[in-house]
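Text of query15.cif, listed as mmCIF, C-alpha atoms and all ligand atoms:
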data_protein
loop_
_atom_site.label_atom_id
_atom_site.label_comp_id
_atom_site.auth_asym_id
_atom_site.auth_seq_id
_atom_site.Cartn_x
_atom_site.Cartn_y
_atom_site.Cartn_z
CA MET T 1 -8.82 -24.00 -3.60
CA LEU T 2 -6.56 -21.90 -5.84
CA ALA T 3 -5.60 -18.29 -5.10
CA VAL T 4 -3.70 -16.37 -7.77
CA HIS T 5 -1.62 -13.58 -6.25
CA PHE T 6 0.08 -10.92 -8.40
CA GLY T 7 3.30 -9.62 -6.77
CA ALA T 8 5.48 -12.13 -4.87
CA GLY T 9 7.26 -9.30 -3.05
CA ASN T 10 7.40 -8.20 0.59
CA ILE T 11 3.66 -7.99 1.14
CA GLY T 12 2.81 -10.74 -1.33
CA ARG T 13 4.93 -13.35 0.49
CA GLY T 14 5.02 -11.78 3.96
CA PHE T 15 1.33 -11.00 4.39
CA ILE T 16 -1.19 -11.99 1.72
CA GLY T 17 0.48 -15.30 0.84
CA SER T 18 0.70 -16.23 4.50
CA LEU T 19 -2.98 -15.57 5.26
CA LEU T 20 -4.17 -17.33 2.08
CA HIS T 21 -2.00 -20.35 2.92
CA ARG T 22 -3.45 -20.52 6.44
CA ALA T 23 -6.95 -20.38 4.93
CA GLY T 24 -6.15 -23.55 2.93
CA TYR T 25 -5.48 -22.01 -0.48
CA GLU T 26 -2.82 -23.23 -2.87
CA VAL T 27 -1.18 -19.93 -3.86
CA ALA T 28 0.02 -19.36 -7.42
CA PHE T 29 2.30 -16.31 -7.33
CA VAL T 30 2.52 -14.23 -10.50
CA ASP T 31 5.58 -12.00 -10.80
CA VAL T 32 8.20 -10.73 -13.26
CA ASN T 33 11.20 -11.25 -10.98
CA GLU T 34 12.71 -14.45 -12.38
CA ASP T 35 14.94 -15.09 -9.34
CA VAL T 36 11.94 -15.17 -7.01
CA ILE T 37 9.86 -17.21 -9.46
CA HIS T 38 12.62 -19.76 -9.98
CA ALA T 39 13.21 -20.08 -6.23
CA ILE T 40 9.49 -20.71 -5.60
CA GLN T 41 9.26 -23.22 -8.47
CA THR T 42 12.31 -25.19 -7.29
CA ARG T 43 11.72 -25.04 -3.55
CA GLY T 44 7.94 -24.92 -3.31
CA GLN T 45 8.01 -23.21 0.08
CA TYR T 46 9.38 -20.24 2.02
CA ARG T 47 9.62 -19.00 5.60
CA VAL T 48 7.85 -16.05 7.18
CA ILE T 49 9.82 -14.81 10.20
CA PHE T 50 7.83 -12.80 12.77
CA ALA T 51 10.11 -9.94 13.90
CA GLY T 52 9.40 -10.05 17.63
CA GLU T 53 11.08 -11.31 20.80
CA ASN T 54 10.78 -15.02 19.93
CA GLN T 55 11.47 -14.72 16.18
CA GLU T 56 8.74 -17.30 15.49
CA GLU T 57 8.61 -18.76 11.98
CA GLU T 58 5.94 -20.13 9.68
CA VAL T 59 6.51 -22.31 6.59
CA ILE T 60 4.39 -21.43 3.57
CA ASP T 61 4.05 -24.32 1.11
CA GLN T 62 1.44 -25.44 -1.44
CA ILE T 63 2.76 -22.62 -3.63
CA SER T 64 3.72 -22.22 -7.27
CA ALA T 65 4.97 -19.33 -9.40
CA ILE T 66 4.40 -18.04 -12.93
CA ASN T 67 6.44 -15.45 -14.81
CA SER T 68 3.85 -13.16 -16.42
CA SER T 69 6.40 -11.79 -18.89
CA THR T 70 7.44 -15.14 -20.35
CA ASN T 71 4.36 -17.27 -19.64
CA PRO T 72 1.22 -15.14 -20.12
CA GLU T 73 -0.92 -18.11 -21.20
CA LYS T 74 -0.25 -19.82 -17.86
CA VAL T 75 -1.34 -16.68 -16.03
CA GLU T 76 -4.56 -16.57 -18.07
CA GLN T 77 -5.28 -20.23 -17.28
CA ALA T 78 -4.61 -19.64 -13.58
CA VAL T 79 -7.06 -16.71 -13.50
CA ALA T 80 -9.62 -18.83 -15.39
CA GLU T 81 -9.39 -21.56 -12.72
CA ALA T 82 -8.85 -19.36 -9.64
CA ASP T 83 -11.16 -19.27 -6.60
CA LEU T 84 -9.64 -15.90 -5.59
CA VAL T 85 -7.28 -13.30 -7.13
CA THR T 86 -5.26 -10.84 -5.06
CA THR T 87 -2.57 -8.26 -5.95
CA ALA T 88 0.33 -6.48 -4.20
CA VAL T 89 2.36 -5.07 -7.07
CA GLY T 90 2.31 -1.33 -6.34
CA PRO T 91 -0.40 1.13 -7.45
CA ASN T 92 1.47 2.12 -10.63
CA VAL T 93 1.60 -1.50 -11.82
CA LEU T 94 -2.15 -2.15 -11.67
CA PRO T 95 -2.67 -1.00 -15.31
CA VAL T 96 -0.01 -3.52 -16.36
CA ILE T 97 -1.49 -6.59 -14.67
CA ALA T 98 -5.01 -5.56 -15.74
CA LYS T 99 -4.28 -6.93 -19.21
CA ALA T 100 -3.40 -10.38 -17.85
CA ILE T 101 -6.46 -10.42 -15.60
CA ALA T 102 -8.70 -9.36 -18.51
CA SER T 103 -7.40 -12.19 -20.74
CA GLY T 104 -7.83 -14.62 -17.87
CA LEU T 105 -11.45 -13.54 -17.37
CA THR T 106 -12.15 -13.89 -21.10
CA GLN T 107 -10.89 -17.47 -20.86
CA ARG T 108 -12.76 -18.04 -17.58
CA PHE T 109 -16.09 -17.07 -19.15
CA GLN T 110 -15.55 -19.84 -21.75
CA GLN T 111 -14.97 -22.40 -19.01
CA THR T 112 -17.21 -21.64 -16.05
CA GLU T 113 -19.94 -19.42 -14.64
CA GLU T 114 -18.35 -19.55 -11.18
CA PRO T 115 -18.09 -16.09 -9.54
CA LEU T 116 -14.64 -14.71 -8.66
CA ASN T 117 -13.30 -11.94 -6.42
CA VAL T 118 -10.26 -9.81 -7.28
CA ILE T 119 -8.80 -7.92 -4.29
CA ALA T 120 -6.09 -5.31 -4.83
CA CYS T 121 -3.95 -5.04 -1.67
CA GLU T 122 -2.15 -1.77 -2.42
CA ASN T 123 -1.41 1.36 -0.37
CA MET T 124 -4.04 3.47 -2.10
CA VAL T 125 -7.70 4.42 -1.90
CA GLY T 126 -9.90 2.30 -4.16
CA GLY T 127 -7.23 -0.06 -5.52
CA SER T 128 -9.65 -2.78 -6.66
CA SER T 129 -11.97 -0.19 -8.26
CA VAL T 130 -9.02 1.26 -10.20
CA LEU T 131 -8.01 -2.27 -11.26
CA LYS T 132 -11.58 -2.99 -12.43
CA ASP T 133 -11.60 0.17 -14.56
CA GLU T 134 -8.28 -0.89 -16.09
CA VAL T 135 -9.57 -4.43 -16.78
CA TYR T 136 -12.66 -2.97 -18.50
CA LYS T 137 -10.35 -1.27 -21.04
CA HIS T 138 -9.28 -4.72 -22.31
CA VAL T 139 -12.63 -6.54 -22.63
CA THR T 140 -15.73 -6.26 -24.81
CA ALA T 141 -18.95 -4.62 -23.65
CA GLU T 142 -20.47 -8.10 -23.38
CA GLU T 143 -17.60 -9.25 -21.16
CA GLN T 144 -17.96 -6.08 -19.07
CA ALA T 145 -21.56 -7.16 -18.39
CA LEU T 146 -20.38 -10.65 -17.37
CA ILE T 147 -17.73 -9.11 -15.09
CA ALA T 148 -20.36 -6.87 -13.49
CA GLN T 149 -22.42 -9.98 -12.67
CA ARG T 150 -19.78 -12.53 -11.75
CA VAL T 151 -16.55 -10.76 -10.72
CA GLY T 152 -16.23 -8.73 -7.52
CA PHE T 153 -13.52 -6.08 -7.12
CA PRO T 154 -13.90 -5.28 -3.41
CA ASP T 155 -11.65 -2.45 -2.23
CA SER T 156 -9.35 -3.25 0.66
CA ALA T 157 -6.89 -1.78 3.15
CA VAL T 158 -3.79 -3.75 4.09
CA ASP T 159 -1.50 -2.93 6.96
CA ARG T 160 1.66 -4.81 7.95
CA ILE T 161 5.16 -3.36 7.91
CA VAL T 162 7.36 -5.58 5.76
CA PRO T 163 10.74 -3.90 5.25
CA ASN T 164 13.18 -4.63 2.48
CA GLN T 165 14.69 -8.00 3.29
CA LYS T 166 18.29 -8.64 4.32
CA GLN T 167 17.99 -12.43 4.38
CA ASP T 168 20.50 -14.70 2.59
CA ASP T 169 17.50 -16.76 1.55
CA PRO T 170 15.80 -14.82 -1.31
CA LEU T 171 12.36 -16.07 -0.29
CA ALA T 172 12.45 -15.79 3.51
CA VAL T 173 10.62 -12.69 4.66
CA ALA T 174 10.75 -10.99 8.06
CA VAL T 175 7.57 -9.17 9.00
CA GLU T 176 6.14 -7.35 11.99
CA PRO T 177 3.62 -9.57 13.83
CA TYR T 178 0.84 -6.95 13.54
CA TYR T 179 -1.48 -6.98 10.58
CA GLU T 180 -4.86 -5.67 9.50
CA TRP T 181 -6.65 -6.60 6.26
CA VAL T 182 -10.00 -4.90 5.79
CA VAL T 183 -12.18 -5.76 2.76
CA GLU T 184 -15.39 -4.12 1.61
CA GLN T 185 -18.07 -6.86 1.67
CA PRO T 186 -20.92 -5.44 -0.50
CA ALA T 187 -18.73 -5.63 -3.63
CA ILE T 188 -18.08 -9.37 -3.12
CA ARG T 189 -19.56 -11.69 -5.79
CA GLY T 190 -20.62 -15.18 -4.77
CA GLU T 191 -19.48 -16.59 -1.44
CA VAL T 192 -17.46 -14.33 0.85
CA PRO T 193 -13.92 -15.81 0.85
CA ASP T 194 -13.31 -17.47 4.23
CA VAL T 195 -9.84 -16.11 5.01
CA PRO T 196 -9.22 -15.81 8.79
CA GLY T 197 -7.62 -12.42 9.36
CA ILE T 198 -9.73 -10.55 6.82
CA THR T 199 -12.14 -8.10 8.46
CA TYR T 200 -15.16 -7.58 6.24
CA VAL T 201 -16.89 -4.20 6.51
CA ASP T 202 -19.88 -2.64 4.81
CA GLU T 203 -18.09 0.62 4.11
CA LEU T 204 -14.33 0.64 3.67
CA LYS T 205 -13.72 4.38 3.31
CA PRO T 206 -13.36 5.22 7.04
CA PHE T 207 -10.92 2.32 7.48
CA ILE T 208 -8.73 2.96 4.43
CA GLU T 209 -8.59 6.68 5.19
CA ARG T 210 -7.79 6.02 8.86
CA LYS T 211 -4.96 3.70 7.78
CA LEU T 212 -3.69 5.87 4.94
CA PHE T 213 -3.84 9.17 6.93
CA THR T 214 -2.31 7.65 10.05
CA VAL T 215 0.01 4.73 9.21
CA ASN T 216 1.11 5.86 5.74
CA THR T 217 1.09 9.61 6.39
CA GLY T 218 2.98 9.11 9.65
CA HIS T 219 5.40 6.62 8.12
CA ALA T 220 6.13 8.82 5.09
CA THR T 221 6.56 11.92 7.28
CA ILE T 222 9.21 10.11 9.31
CA ALA T 223 10.88 8.89 6.12
CA TYR T 224 11.14 12.32 4.46
CA ALA T 225 12.01 14.21 7.64
CA GLY T 226 14.47 11.43 8.51
CA ARG T 227 16.14 11.76 5.13
CA TYR T 228 16.20 15.57 5.44
CA TYR T 229 17.88 15.44 8.86
CA GLY T 230 20.28 12.70 7.73
CA TYR T 231 18.94 9.47 9.33
CA GLN T 232 19.05 6.02 7.66
CA THR T 233 16.26 4.10 9.39
CA ILE T 234 12.73 4.89 10.52
CA LYS T 235 13.60 3.86 14.07
CA GLU T 236 16.57 6.26 14.45
CA ALA T 237 14.70 9.06 12.68
CA LEU T 238 11.79 8.74 15.10
CA GLU T 239 14.21 9.06 18.02
CA ALA T 240 15.21 12.54 16.75
CA GLU T 241 13.30 15.30 18.46
CA GLU T 242 12.69 17.37 15.32
CA VAL T 243 11.31 14.35 13.47
CA TYR T 244 9.11 13.27 16.38
CA ALA T 245 7.73 16.83 16.78
CA LEU T 246 6.78 16.91 13.09
CA VAL T 247 5.12 13.47 12.96
CA LYS T 248 3.28 14.20 16.22
CA GLY T 249 1.93 17.44 14.72
CA VAL T 250 0.96 15.69 11.50
CA LEU T 251 -0.88 12.89 13.34
CA ASP T 252 -2.69 15.44 15.53
CA GLU T 253 -3.95 17.14 12.36
CA THR T 254 -4.93 13.98 10.49
CA GLY T 255 -6.42 12.60 13.71
CA LYS T 256 -8.56 15.70 14.13
CA VAL T 257 -9.98 15.43 10.61
CA LEU T 258 -10.55 11.65 10.85
CA VAL T 259 -12.34 11.90 14.21
CA THR T 260 -14.51 14.79 12.96
CA THR T 261 -15.29 13.23 9.58
CA TYR T 262 -15.84 9.60 10.53
CA GLY T 263 -16.75 9.84 14.19
CA PHE T 264 -13.90 7.67 15.48
CA GLU T 265 -13.83 7.79 19.28
CA PRO T 266 -11.02 10.32 20.15
CA LYS T 267 -9.41 8.19 22.89
CA GLU T 268 -9.52 5.10 20.68
CA HIS T 269 -7.90 7.03 17.84
CA LYS T 270 -5.17 8.32 20.17
CA ASP T 271 -4.49 4.68 21.13
CA TYR T 272 -4.42 3.70 17.43
CA GLN T 273 -1.83 6.44 16.81
CA ALA T 274 0.27 5.42 19.83
CA LYS T 275 0.26 1.79 18.68
CA ILE T 276 1.50 2.81 15.24
CA LEU T 277 4.38 4.85 16.66
CA GLU T 278 5.30 1.78 18.73
CA ARG T 279 5.19 -0.36 15.57
CA PHE T 280 7.53 2.13 13.86
CA ARG T 281 9.93 1.73 16.82
CA ASN T 282 9.97 -2.09 16.56
CA PRO T 283 13.60 -2.91 17.54
CA TYR T 284 13.43 -6.17 15.58
CA ILE T 285 12.78 -4.40 12.28
CA SER T 286 15.27 -2.24 10.39
CA ASP T 287 13.32 -0.21 7.86
CA GLU T 288 15.19 2.26 5.66
CA VAL T 289 13.76 5.73 5.14
CA THR T 290 14.38 5.18 1.40
CA ARG T 291 11.92 2.25 1.31
CA VAL T 292 9.16 4.06 3.15
CA GLY T 293 9.88 7.22 1.15
CA ARG T 294 10.03 5.40 -2.21
CA GLY T 295 7.93 6.90 -4.99
CA PRO T 296 7.66 10.50 -3.69
CA ILE T 297 5.70 11.74 -6.73
CA ARG T 298 3.02 9.07 -6.10
CA LYS T 299 2.98 9.94 -2.40
CA LEU T 300 2.58 13.67 -3.10
CA GLY T 301 -0.34 12.97 -5.45
CA ASN T 302 -3.75 14.53 -5.00
CA GLN T 303 -5.31 11.35 -3.57
CA ASP T 304 -2.40 10.06 -1.56
CA ARG T 305 -1.23 10.25 2.05
CA PHE T 306 -0.39 14.00 2.29
CA VAL T 307 -2.58 16.02 -0.06
CA ARG T 308 -5.79 14.02 0.40
CA PRO T 309 -5.91 14.54 4.18
CA ALA T 310 -4.80 18.17 3.80
CA LEU T 311 -7.66 18.91 1.38
CA LEU T 312 -10.15 17.14 3.64
CA TYR T 313 -8.79 19.18 6.58
CA ARG T 314 -9.33 22.43 4.62
CA GLU T 315 -12.85 21.29 3.69
CA VAL T 316 -13.76 20.50 7.31
CA PHE T 317 -11.94 23.26 9.21
CA ASN T 318 -11.47 25.89 6.47
CA GLU T 319 -7.79 26.23 7.34
CA THR T 320 -4.56 24.61 6.12
CA PRO T 321 -2.89 21.93 8.30
CA ASN T 322 0.55 23.48 8.79
CA TYR T 323 2.27 20.35 10.04
CA VAL T 324 1.10 18.36 7.00
CA ALA T 325 2.26 21.27 4.83
CA LYS T 326 5.69 21.09 6.52
CA ALA T 327 5.82 17.32 5.91
CA ILE T 328 5.08 17.99 2.23
CA ALA T 329 7.86 20.60 2.24
CA VAL T 330 10.47 18.08 3.46
CA ALA T 331 9.11 15.54 0.98
CA LEU T 332 9.72 18.03 -1.85
CA LEU T 333 13.37 18.17 -0.71
CA TYR T 334 13.71 14.37 -0.81
CA LYS T 335 16.73 13.09 -2.71
CA ASN T 336 17.62 9.50 -3.68
CA ALA T 337 19.53 8.81 -6.89
CA GLU T 338 18.35 5.17 -6.82
CA ASP T 339 14.64 6.11 -6.86
CA GLN T 340 13.54 7.24 -10.33
CA GLU T 341 10.61 9.21 -8.93
CA ALA T 342 12.97 11.03 -6.56
CA VAL T 343 15.23 11.95 -9.48
CA ASP T 344 12.20 13.12 -11.49
CA LEU T 345 10.95 15.13 -8.49
CA GLU T 346 14.31 16.85 -8.02
CA ASN T 347 14.50 17.71 -11.73
CA LYS T 348 10.93 19.04 -11.72
CA ILE T 349 11.59 21.28 -8.71
CA ASN T 350 14.87 22.51 -10.24
CA GLN T 351 13.17 23.32 -13.52
CA GLN T 352 9.85 24.69 -12.31
CA GLY T 353 10.43 25.79 -8.72
CA PHE T 354 8.52 24.51 -5.66
CA ALA T 355 5.16 26.19 -6.28
CA SER T 356 4.76 25.08 -9.88
CA GLY T 357 6.38 21.68 -9.34
CA PHE T 358 4.28 20.73 -6.30
CA ALA T 359 1.09 22.21 -7.78
CA GLU T 360 1.48 20.03 -10.86
CA ILE T 361 2.20 16.84 -8.89
CA ALA T 362 -0.67 17.49 -6.47
CA ALA T 363 -3.05 18.56 -9.28
CA LEU T 364 -3.70 21.91 -7.54
CA GLU T 365 -3.67 25.50 -8.80
CA GLU T 366 -0.41 27.32 -8.01
CA ASP T 367 -2.32 29.87 -5.92
CA HIS T 368 -4.07 27.14 -3.86
CA PRO T 369 -3.69 27.88 -0.10
CA LEU T 370 -1.99 24.51 0.45
CA VAL T 371 0.59 25.25 -2.25
CA LYS T 372 1.23 28.65 -0.72
CA GLU T 373 1.68 27.21 2.78
CA VAL T 374 4.01 24.48 1.50
CA VAL T 375 6.21 27.06 -0.25
CA LYS T 376 6.30 29.10 2.97
CA GLN T 377 7.35 25.96 4.88
CA VAL T 378 10.09 25.20 2.35
CA GLN T 379 11.45 28.72 2.77
CA SER T 380 11.50 28.37 6.56
CA LEU T 381 13.38 25.02 6.49
N1 LIG T 401 5.87 -3.42 2.34
C1 LIG T 401 4.95 -3.01 3.16
O1 LIG T 401 5.19 -2.85 4.35
C2 LIG T 401 3.58 -2.68 2.66
C3 LIG T 401 3.31 -2.56 1.30
N2 LIG T 401 2.02 -2.31 0.92
C4 LIG T 401 1.67 -2.22 -0.49
O2 LIG T 401 1.84 -3.51 -1.12
C5 LIG T 401 2.18 -3.33 -2.48
C6 LIG T 401 3.49 -4.06 -2.74
O3 LIG T 401 4.45 -3.51 -1.89
P1 LIG T 401 5.74 -4.37 -1.49
O4 LIG T 401 5.38 -5.81 -1.35
O5 LIG T 401 6.39 -3.67 -0.36
O6 LIG T 401 6.63 -4.16 -2.80
P2 LIG T 401 7.68 -5.16 -3.45
O7 LIG T 401 8.45 -4.34 -4.42
O8 LIG T 401 8.36 -5.94 -2.41
O9 LIG T 401 6.72 -6.20 -4.26
C7 LIG T 401 6.14 -5.85 -5.48
C8 LIG T 401 6.25 -7.09 -6.36
O10 LIG T 401 5.51 -6.87 -7.55
C9 LIG T 401 6.27 -7.43 -8.61
N3 LIG T 401 5.86 -6.89 -9.90
C10 LIG T 401 6.25 -5.74 -10.49
N4 LIG T 401 5.67 -5.64 -11.70
C11 LIG T 401 4.90 -6.74 -11.88
C12 LIG T 401 4.07 -7.22 -12.91
N5 LIG T 401 3.89 -6.52 -14.04
N6 LIG T 401 3.43 -8.41 -12.74
C13 LIG T 401 3.59 -9.11 -11.61
N7 LIG T 401 4.37 -8.72 -10.58
C14 LIG T 401 5.01 -7.55 -10.73
C15 LIG T 401 7.71 -7.09 -8.26
O11 LIG T 401 8.61 -7.92 -8.99
C16 LIG T 401 7.71 -7.37 -6.77
O12 LIG T 401 8.03 -8.71 -6.50
C17 LIG T 401 2.30 -1.81 -2.69
O13 LIG T 401 1.08 -1.31 -3.16
C18 LIG T 401 2.53 -1.28 -1.28
O14 LIG T 401 2.08 0.05 -1.15
C19 LIG T 401 0.98 -2.17 1.80
C20 LIG T 401 1.23 -2.28 3.14
C21 LIG T 401 2.53 -2.51 3.66
O1 LIG T 402 4.27 0.82 0.08
P1 LIG T 402 4.31 2.30 -0.12
O2 LIG T 402 3.00 2.92 -0.52
O3 LIG T 402 5.47 2.72 -0.99
O4 LIG T 402 4.55 2.92 1.32
C1 LIG T 402 5.67 2.49 2.06
C2 LIG T 402 5.21 1.97 3.37
O5 LIG T 402 3.96 2.40 3.89
C3 LIG T 402 3.52 1.34 4.79
O6 LIG T 402 2.44 0.63 4.28
C4 LIG T 402 3.09 1.88 6.12
O7 LIG T 402 3.36 3.21 6.13
C5 LIG T 402 4.70 0.48 4.81
O8 LIG T 402 4.59 -0.66 5.45
C6 LIG T 402 4.91 0.53 3.35
O9 LIG T 402 5.84 -0.22 2.83
#

Now, as a test, write the supplied structure out as structure tokens.
Ligand SMILES: NC(=O)C1=CN([C@@H]2O[C@H](COP(=O)(O)OP(=O)(O)OC[C@H]3O[C@@H](n4cnc5c(N)ncnc54)[C@H](O)[C@@H]3O)[C@@H](O)[C@H]2O)C=CC1
Ligand SMILES: O=P(O)(O)OC[C@H]1O[C@](O)(CO)[C@@H](O)[C@@H]1O
Amino acid sequence: MLAVHFGAGNIGRGFIGSLLHRAGYEVAFVDVNEDVIHAIQTRGQYRVIFAGENQEEEVIDQISAINSSTNPEKVEQAVAEADLVTTAVGPNVLPVIAKAIASGLTQRFQQTEEPLNVIACENMVGGSSVLKDEVYKHVTAEEQALIAQRVGFPDSAVDRIVPNQKQDDPLAVAVEPYYEWVVEQPAIRGEVPDVPGITYVDELKPFIERKLFTVNTGHATIAYAGRYYGYQTIKEALEAEEVYALVKGVLDETGKVLVTTYGFEPKEHKDYQAKILERFRNPYISDEVTRVGRGPIRKLGNQDRFVRPALLYREVFNETPNYVAKAIAVALLYKNAEDQEAVDLENKINQQGFASGFAEIAALEEDHPLVKEVVKQVQSL
């Protein structure tokens, strides 16, 4: 069985590739990073190191790699022959890989009537649905009808902390042992892929919002507050009282809206939150605040980990979550010359001021109560 995975990065190698390998798939990685591609092509395997007490390892083999920049035809052929396609390239890259997937499907429809599932494994709501919309832009109406029949784009939520790697070996990847991969079953076409470790659910929304508003919102809050108060890693930031107080307040607010909206059992949700804070404290993982805080404009977007839960909170309780607003305030002060979005954010705030800059990024009116509360929080920092 062939799985084609777009994005041979931290999650691609450290999580998705590992689970697909265990399920018996040969994994063809598609990437644009020639060093990684060359290493996979020449070595044909890599190690996953589980960052826990025993530092257990797993060897992933039966792999290949294709450079989608220099070898697009090979990518198309791989998609045409694939039994499963997955992605972990970053939400902003989905429109780019959509072209390659569309060409591959066009070729596939000439060769076979076999159904196929395409699962985007990105930190966003509705990643596969967004990818499907992008693919539709590159195919004919007739091919859109064939896709609707034969190709599933089930949305998914992926959770495993895979920090930036400090290994000498460019392919070895250290990961936390914990993982969760939830996939929405009704959108599957043909047989449900038998991948141990995937949890299939009828309705993904509660799970992706629980993950996004707890793991990602919490993680990003620690990253931005950590940066603001001058810490390098998530672990040391979380040990600082002012950071812990903020992330605790944020998780209380997002927890309240998740429990009320989706009916999660309060005690169980408290345990879920506690487990995540323990995961962030993993002594065997060193995770920079600049990785977790990367892409601040994306993360301050209307449907991402801060604004989406804040708007849902306002809808449910008719008041603004002040801790989330404070987390947004420290995010607006985020600086990192090596992160283009951080540079763009800083320039936008300098040119337009906090109210106008944040309102534009979050797609809100400048007089929106959340914008007003965020500006108030910035002024009190
Ligand atoms: N690292 C983590 O702990 C987690 C990451 N995620 C999500 O997984 C996705 C990937 O994140 P990471 O693996 O951390 O990032 P990463 O930067 O390590 O990997 C992304 C990979 O995509 C490749 N890529 C970029 N443009 C491409 C293109 N046009 N075609 C093919 N490949 C391309 C890059 O070369 C890189 O190897 C993101 O959506 C992220 O939010 C989700 C959960 C946890
Ligand atoms: O991958 P993103 O969306 O940039 O978010 C950064 C981090 O968020 C997490 O998924 C959990 O918060 C990390 O493991 C991930 O790398």

- Query: Please, which residues have at least one atom within 6 Å of an atom of ligand LIG 402 (chain T), using only C-alpha atoms and all ligand atoms, listed as a ChimeraX atom specification?
  - Reply: /T:123,159-162,215-216,219,292,294

- Any idea what's packed within 7 Å of region 205-210 of chain T, counting all atoms listed in the file, ignoring anything in its chain fewer than 3 positions away? Could you give it as a PyMOL selection string? chain T and resi 125+157+213-214+258+262

Give me the box for ligand LIG 401 (chain T) as AutoDock Vina command-line options, namely the centre and edge lengths in Å to one decimal of a box along x, y and z that holds every listed atom plus 4 Å on each side.
--center_x 4.8 --center_y -4.5 --center_z -4.8 --size_x 15.6 --size_y 17.2 --size_z 26.4

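If only C-alpha atoms and all ligand atoms are the atoms counted, then among T:Glu73, T:Glu34, T:Glu184, T:Glu315 the closest residue to ligand LIG 401 (chain T) is T:Glu34.
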
- Produce as a count of residues only the set of residues near ligand LIG 401 (chain T), where near means within 9 Å with only C-alpha atoms and all ligand atoms considered. 53

- Nearest residue to Gln340 (chain T) from the set T:Gly295, T:Lys270, T:Pro115, T:Leu105 (distances using all atoms listed in the file):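 Going through T:Gly295, T:Lys270, T:Pro115, T:Leu105 one by one, the smallest distance to Gln340 (chain T) is for T:Gly295.
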
- Item | Shortest interatomic distance to Leu246 (chain T) - which of T:Thr261, T:Asn322, T:Asn350, T:Ser128, counting only C-alpha atoms |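 Of T:Thr261, T:Asn322, T:Asn350, T:Ser128, the one nearest Leu246 (chain T), counting only C-alpha atoms, is T:Asn322.
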
- Item | Residue nearest Glu288 (chain T) - candidates T:Val257, T:Ala145, T:Ala223, T:Val371, atoms counted: all atoms listed in the file | T:Ala223

- Restricting the calculation to all atoms listed in the file, which member of T:Phe280, T:Tyr323, T:Tyr334, T:Tyr25 is positioned closest to Val250 (chain T)? T:Tyr323

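The interatomic distance for the pair CA of Glu134 (chain T) and CA of Ala98 (chain T) works out to 5.7 Å.
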
- Considering all atoms listed in the file, return as JSON, numbers by chain whatever protein or nucleic-acid residues lie within 10 Å of Val192 (chain T), sequence-local ones (same chain, fewer than 5 positions apart) excluded. {"T": [116, 117, 185, 186, 187, 200]}

- Message: What's the separation between CA of Leu311 (chain T) and CA of Lys132 (chain T), in Å to one decimal place?
- Response: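 Between CA of Leu311 (chain T) and CA of Lys132 (chain T) the gap is 26.2 Å.
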
Taking the block above, write region 358-365 of chain T with N, CA, C and O atoms as a PDB file, in the first residue's frame.
ATOM      1  N   PHE T 358      -4.593  45.126  14.660  1.00  0.00           N
ATOM      2  CA  PHE T 358      -5.207  43.863  15.120  1.00  0.00           C
ATOM      3  C   PHE T 358      -6.557  43.647  14.448  1.00  0.00           C
ATOM      4  O   PHE T 358      -6.876  42.550  13.991  1.00  0.00           O
ATOM      5  N   ALA T 359      -7.350  44.729  14.334  1.00  0.00           N
ATOM      6  CA  ALA T 359      -8.686  44.581  13.713  1.00  0.00           C
ATOM      7  C   ALA T 359      -8.562  44.018  12.305  1.00  0.00           C
ATOM      8  O   ALA T 359      -9.314  43.124  11.898  1.00  0.00           O
ATOM      9  N   GLU T 360      -7.570  44.516  11.579  1.00  0.00           N
ATOM     10  CA  GLU T 360      -7.392  44.031  10.184  1.00  0.00           C
ATOM     11  C   GLU T 360      -6.995  42.566  10.170  1.00  0.00           C
ATOM     12  O   GLU T 360      -7.574  41.745   9.461  1.00  0.00           O
ATOM     13  N   ILE T 361      -6.025  42.193  11.004  1.00  0.00           N
ATOM     14  CA  ILE T 361      -5.545  40.795  11.034  1.00  0.00           C
ATOM     15  C   ILE T 361      -6.669  39.844  11.458  1.00  0.00           C
ATOM     16  O   ILE T 361      -6.856  38.763  10.903  1.00  0.00           O
ATOM     17  N   ALA T 362      -7.460  40.307  12.440  1.00  0.00           N
ATOM     18  CA  ALA T 362      -8.508  39.426  13.002  1.00  0.00           C
ATOM     19  C   ALA T 362      -9.821  39.536  12.231  1.00  0.00           C
ATOM     20  O   ALA T 362     -10.815  38.903  12.592  1.00  0.00           O
ATOM     21  N   ALA T 363      -9.822  40.384  11.181  1.00  0.00           N
ATOM     22  CA  ALA T 363     -11.045  40.588  10.366  1.00  0.00           C
ATOM     23  C   ALA T 363     -12.219  40.999  11.255  1.00  0.00           C
ATOM     24  O   ALA T 363     -13.312  40.424  11.224  1.00  0.00           O
ATOM     25  N   LEU T 364     -11.951  42.004  12.118  1.00  0.00           N
ATOM     26  CA  LEU T 364     -12.982  42.560  13.008  1.00  0.00           C
ATOM     27  C   LEU T 364     -13.059  44.068  12.769  1.00  0.00           C
ATOM     28  O   LEU T 364     -12.106  44.683  12.309  1.00  0.00           O
ATOM     29  N   GLU T 365     -14.205  44.657  13.139  1.00  0.00           N
ATOM     30  CA  GLU T 365     -14.321  46.123  13.084  1.00  0.00           C
ATOM     31  C   GLU T 365     -13.475  46.729  14.205  1.00  0.00           C
ATOM     32  O   GLU T 365     -13.299  46.110  15.265  1.00  0.00           O
TER      33      GLU T 365
END
